[in-house]
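Following: one structure in structure tokens, then a few remarks.
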Amino acid sequence: MVTSQRISKKSYFSKKIAVVDDESDIAQMFTEALKSNGYKAKAFTDPIVAFDQICSDHSSYGLVLSDVRMPTLSGIELATKLREKYKEIKIILMSAYETEYIRISNMKNIDYFVSKPAHIEKVLGIIENVILPQNLKIEEIRTTNYSHRRL
């Protein structure tokens with residue numbers, strides 16, 4: 001009997017994802033999609049609250065998915081502040097307006113930029129690529145019942 005099973009990429013990422021967007025429906029939509037795909041995620045509609053929460057519990061957070069245009073603190077400013085304190089945190093920014101600015105600005109504070117509108121499946125694929133260790137290759141594993149054969 002031959003069966004196949006897929007190793008989940010998410011099993012290599014046990015940290016929380018902070019979803020930061022000043023539009024609560026967008027923050028909730030991405031948070032629910034992440035949770036339904038096996039991730040731990042928390043929505044924030046205030047980037048300052050998100051920054052404070054991430055800083056107070058930084059070992060629990062591994063990725064920030066943030067809008068760029070927000071009041072009080074832009075996604076770019078949030079990324080810069082987080083990257084100064086926590087080099088290991090992954091940061092993905094999303095925007096419908098800032099594409100050209102992101103292209104010409106210093107990209108060292110983010111891991112990926114997504115243009116809005118972005119389909120949730122596309123964002124999930126980007127997240128998986130950002131969090132998956134670069135040297136890890138995931139492939140299907142086939143297991144066979146060899147109990148009756150000699151190896």
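Residues are named by chain letter and number: chains run A, B, ... in the order of the structure tokens, numbers start at 1 in each chain, and ligands are numbered from 1 in the order shown.
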field: strand (DSSP E) call set, DSSP backbone run, region 6-132 of chain A, as a list in words
entry: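 Matching residues, listed in order: Lys16, Ile17, Ala18, Val19, Val20, Lys40, Ala41, Lys42, Ala43, Phe44, Tyr61, Gly62, Leu63, Val64, Leu65, Ser66, Asp67, Lys90, Ile91, Ile92, Leu93, Met94, Ser95, Tyr112, Phe113, Val114 and Ser115 of chain A.
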Write a file of the just-selected residues containing C-alpha atoms, as a PDB file, in the first residue's frame.
```pdb
ATOM      1  CA  LYS A  16       2.331  34.575  15.710  1.00  0.00           C
ATOM      2  CA  ILE A  17       1.687  36.793  12.724  1.00  0.00           C
ATOM      3  CA  ALA A  18       0.668  40.382  13.474  1.00  0.00           C
ATOM      4  CA  VAL A  19      -1.773  41.714  10.884  1.00  0.00           C
ATOM      5  CA  VAL A  20      -1.765  45.517  10.968  1.00  0.00           C
ATOM      6  CA  LYS A  40      -1.465  31.903  14.810  1.00  0.00           C
ATOM      7  CA  ALA A  41      -2.457  35.470  13.974  1.00  0.00           C
ATOM      8  CA  LYS A  42      -3.574  38.612  15.745  1.00  0.00           C
ATOM      9  CA  ALA A  43      -5.241  41.652  14.150  1.00  0.00           C
ATOM     10  CA  PHE A  44      -4.311  45.228  15.012  1.00  0.00           C
ATOM     11  CA  TYR A  61       5.928  37.172  16.953  1.00  0.00           C
ATOM     12  CA  GLY A  62       7.737  36.072  13.824  1.00  0.00           C
ATOM     13  CA  LEU A  63       6.066  38.038  11.055  1.00  0.00           C
ATOM     14  CA  VAL A  64       4.245  41.320  10.526  1.00  0.00           C
ATOM     15  CA  LEU A  65       1.825  41.757   7.628  1.00  0.00           C
ATOM     16  CA  SER A  66       1.070  45.472   7.472  1.00  0.00           C
ATOM     17  CA  ASP A  67      -0.618  48.075   5.342  1.00  0.00           C
ATOM     18  CA  LYS A  90       9.885  39.039   8.962  1.00  0.00           C
ATOM     19  CA  ILE A  91       7.966  41.981   7.511  1.00  0.00           C
ATOM     20  CA  ILE A  92       5.589  42.069   4.567  1.00  0.00           C
ATOM     21  CA  LEU A  93       4.055  45.406   3.548  1.00  0.00           C
ATOM     22  CA  MET A  94       0.942  45.874   1.428  1.00  0.00           C
ATOM     23  CA  SER A  95      -0.381  48.951  -0.331  1.00  0.00           C
ATOM     24  CA  TYR A 112       8.351  41.492   0.674  1.00  0.00           C
ATOM     25  CA  PHE A 113       6.001  44.105  -0.782  1.00  0.00           C
ATOM     26  CA  VAL A 114       2.523  43.209  -2.044  1.00  0.00           C
ATOM     27  CA  SER A 115       0.423  45.514  -4.219  1.00  0.00           C
TER      28      SER A 115
END
```
- request: Considering only C-alpha atoms, state which residue in the set A:Asp57, A:Ser74, A:Val68, A:Val49 is at the smallest distance from Tyr86 (chain A).
  value: A:Asp57
field: Residues flagged alpha helix (DSSP H) by DSSP in region 39-107 of chain A, as a VMD selection string
entry: chain A and resid 47 to 56 75 to 85 99 to 104
field: Top pick for closest residue to Lys122 (chain A), considering A:Ala33, A:Lys15, A:Met70, A:Asp22 and counting only C-alpha atoms
entry: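 Nearest candidate to Lys122 (chain A) out of A:Ala33, A:Lys15, A:Met70, A:Asp22: A:Ala33.
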task: With a distance cut-off of 12 Å and only C-alpha atoms, select the neighbouring residues of Leu124 (chain A), excluding the residue or stretch itself and same-chain residues fewer than 2 positions from it, and output the selection as a list in words.
output: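 Residues near the query, excluding close chain neighbours: Lys9, Lys10, Ile17, Phe30, Thr31, Glu32, Ala33, Leu34, Lys35, Ser36, Asn37, Gly38, Tyr39, Leu65, Ile92, Val114, Ala118, His119, Ile120, Glu121, Lys122, Ile126, Ile127, Glu128, Asn129, Val130 and Ile131 of chain A.
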- prompt: For Arg69 (chain A), which residue among A:Asp21, A:Lys81, A:Phe13, A:Ala50 is the nearest when counting only C-alpha atoms?
  reply: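 Going through A:Asp21, A:Lys81, A:Phe13, A:Ala50 one by one, the smallest distance to Arg69 (chain A) is for A:Asp21.
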query: Please, what distance in Å, to one decimal, runs between CA of Lys108 (chain A) and CA of Ile26 (chain A)?
result: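 Going from CA of Lys108 (chain A) over to CA of Ile26 (chain A) covers 25.8 Å.
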query: Of the residues A:Cys55, A:Ile89, A:Ala96, A:Ile48, which is the one nearest to Pro71 (chain A), using only C-alpha atoms?
result: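 Closest candidate: A:Ile48.
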